[in-house]
Amino acid sequence: MYSFPKHSKLCGQKSIEQLYKEGKRFVVWPLRVTWMSSESETRVLVWAPKSLFKHAVDRNRLRRLMREAYRLNQDCLGDGHYMIAFNYMDKEQHNYASIAKAMRKALNKIKG
RNA sequence: GAAGCAAACCGGUCUAUCGCUGCCGAGAGGAAGAAAGUCGGCGUAAAUAGCAGGGCUUAAUCCCAUCGGUUGAGGAAAGUCCGGGCAGCACAGAGCACCGCAGCGGUUAACGGCCGUCAGGCAGAACGCAUAAUGGACACCCACCCGCCCGAAGCGUGAAUGUUUGGUCACUGCUACAGAGACGAGUCGCUGCAUCAGCAGCGGGUGAAACGAGCACACUGCGGGCUGCAAUUCCAUGUAAACCAACGAACGAGCGUUGCUCGCGCCAGUUCCGCAAGGAUGCGUUGGAGGGUAGGAAGCGAGAGAAGCACGUGGUAACACGUUGCUCGAGAUUAAUGAUAGACGCUGCUUCGGCAGUACAGAACCCGGCUUAUAGGUUUGCUUUCUUU
């Protein structure tokens, strides 16, 4: 129920370009969400930009936090299938609780 | 015991819940899926072109879900500064240019690294000398004076150790200002020789330096082919206005007009564009061969290794050698190695209840170095000084 296996990750240059070109966008601070509905299963991409976080260890940490927040709250999406990208926007590192709160809000917004 | 150095090493642990990469096993049953094919849609008056998360079909490839087991970041993984392996391309030999290195000797696969050593400079705990002023302490019945000790800059000596500089000046050049002159020029004074011209010697003056130096864009020795795993190789599908072949068109040739010459006539494609018009271009058709990008696999780690630690031998050491013993075992690709909660450990402060902190930082083909970042801790060695015996 809370798993996040490999085939749930969004990969491939073509589908990522398509998502960023045509997807709908909104912001739930500190996350910028780009999403579009999908015919097959839901696939997700998380990203922390190098321009905001110079060290790889910080980017890894934020990516893992966002991934865990999605994994534990993915039932908020219901039965729909989507392609979603989460971009981290803040210069400061938030803790897990605030990222999880933003994640729940974002997933409910996509569903509704 | 204190102080100052150097080298080597470690750099969190446990529990609970949820989860991920690779590998192994079980396992109902297949699953995913391409710029390709095909059928539709939009577009248009209708087509072509074009547009898009469309449906269906299949390629390489992979076995998916589920269950069980196992596995998983560093001393710097970092910077990408040197040197190699490996890969592709180039390549007769030698030299020039360019770039790098530079006491001497050694070490290594190699190096700008490392080890030993020589000379000069700098830093260096501590010690010695020295005393200004308001001073401190001793002495003194008290005050003043004198004496003595301490006392900062300062001067000197200077351990372990660290750091820095170090080829040559025959050739080609450079050395500001000052100076007659910084190299083929010669001033002032004196002396000697000489008929004169001048020659030789000594001294003064300038300057960091005046036939004696220093330096490099000069010379000498040694090294360097270029590009990097986004290298490179393979798989399947399809193909371009580039390649090959055949055929055709255009130009030319030829044919017609004509005595000859000149001149005129005898075609149509591709592309931009919805069509036409207009513009650009010189080729078109058929067949063959065949990339790049995107996708997948290898390269990529038990086919690991110039691997590490003991022990032995040689060497001052770096290091080398060994029929010796033991140990290590990540491999992602929109990118795993985690998240949350609690406890312990360590460090500092403490009103002894606690409180605060717990670093630097994340593999991306692999090694040897260097450089930079780093909470806290351990061990060993050296030097000086004090105490005890």
# chains A, B, ... in the order shown; residues from 1 in each chain; ligands from 1
call {"tool": "interface_residues", "arguments": {"of": "chain A", "to": "chain B", "cutoff": "7 Å", "atoms": "only C-alpha atoms (C1' of nucleotides)", "output": "list in words"}}
result
Ser3, Leu10, Cys11, Leu45, Ala56, Val57, Arg64, Leu65 and Glu68 of chain A
call {"tool": "write_last_selection", "arguments": {"atoms": "C-alpha atoms", "output": "PDB file, in the first residue's frame"}}
result
ATOM      1  CA  SER A   3       5.330   0.977  -1.676  1.00  0.00           C
ATOM      2  CA  LEU A  10       8.819   8.750 -14.169  1.00  0.00           C
ATOM      3  CA  CYS A  11      11.726   8.228 -16.541  1.00  0.00           C
ATOM      4  CA  LEU A  45       9.362  12.495 -10.426  1.00  0.00           C
ATOM      5  CA  ALA A  56      24.898  16.724  -3.511  1.00  0.00           C
ATOM      6  CA  VAL A  57      24.234  15.561   0.031  1.00  0.00           C
ATOM      7  CA  ARG A  64      14.448  11.400  -0.203  1.00  0.00           C
ATOM      8  CA  LEU A  65      12.120  13.477   1.977  1.00  0.00           C
ATOM      9  CA  GLU A  68       8.907   9.460   1.420  1.00  0.00           C
TER      10      GLU A  68
END
call {"tool": "select_by_dssp", "arguments": {"residues": "chain A", "states": "alpha helix (DSSP H)", "output": "number ranges by chain"}}
result
A: 13-22, 56-73, 96-111
call {"tool": "residues_around", "arguments": {"residues": "range 88-104 of chain A", "least_positions_apart": "5", "cutoff": "6 Å", "atoms": "only C-alpha atoms (C1' of nucleotides)", "output": "ChimeraX atom specification"}}
result
/A:28,30-31,48,52,69
call {"tool": "write_last_selection", "arguments": {"atoms": "C-alpha atoms", "output": "mmCIF file, in the first residue's frame"}}
result
data_model
loop_
_atom_site.group_PDB
_atom_site.id
_atom_site.type_symbol
_atom_site.label_atom_id
_atom_site.label_comp_id
_atom_site.auth_asym_id
_atom_site.auth_seq_id
_atom_site.Cartn_x
_atom_site.Cartn_y
_atom_site.Cartn_z
ATOM 1 C CA VAL A 28 2.117 24.517 -2.705
ATOM 2 C CA PRO A 30 7.816 24.832 -1.051
ATOM 3 C CA LEU A 31 6.746 22.454 -3.849
ATOM 4 C CA ALA A 48 15.798 19.469 -6.090
ATOM 5 C CA LEU A 52 19.624 26.231 -4.895
ATOM 6 C CA ALA A 69 6.194 12.105 1.684
#
call {"tool": "residues_around", "arguments": {"residues": "Arg63 in chain A", "least_positions_apart": "2", "cutoff": "8 Å", "atoms": "only C-alpha atoms (C1' of nucleotides)", "output": "list in words"}}
result
Val46, Trp47, Ala48, Arg59, Asn60, Arg61, Leu65, Met66 and Arg67 of chain A
call {"tool": "write_last_selection", "arguments": {"atoms": "C-alpha atoms", "output": "PDB file, in the first residue's frame"}}
result
ATOM      1  CA  VAL A  46      10.984  14.453  -7.586  1.00  0.00           C
ATOM      2  CA  TRP A  47      13.671  17.070  -8.106  1.00  0.00           C
ATOM      3  CA  ALA A  48      15.798  19.469  -6.090  1.00  0.00           C
ATOM      4  CA  ARG A  59      19.863  17.472  -2.767  1.00  0.00           C
ATOM      5  CA  ASN A  60      19.813  13.773  -1.905  1.00  0.00           C
ATOM      6  CA  ARG A  61      18.254  14.552   1.473  1.00  0.00           C
ATOM      7  CA  LEU A  65      12.120  13.477   1.977  1.00  0.00           C
ATOM      8  CA  MET A  66       9.828  14.275  -0.944  1.00  0.00           C
ATOM      9  CA  ARG A  67       9.871  10.672  -2.049  1.00  0.00           C
TER      10      ARG A  67
END
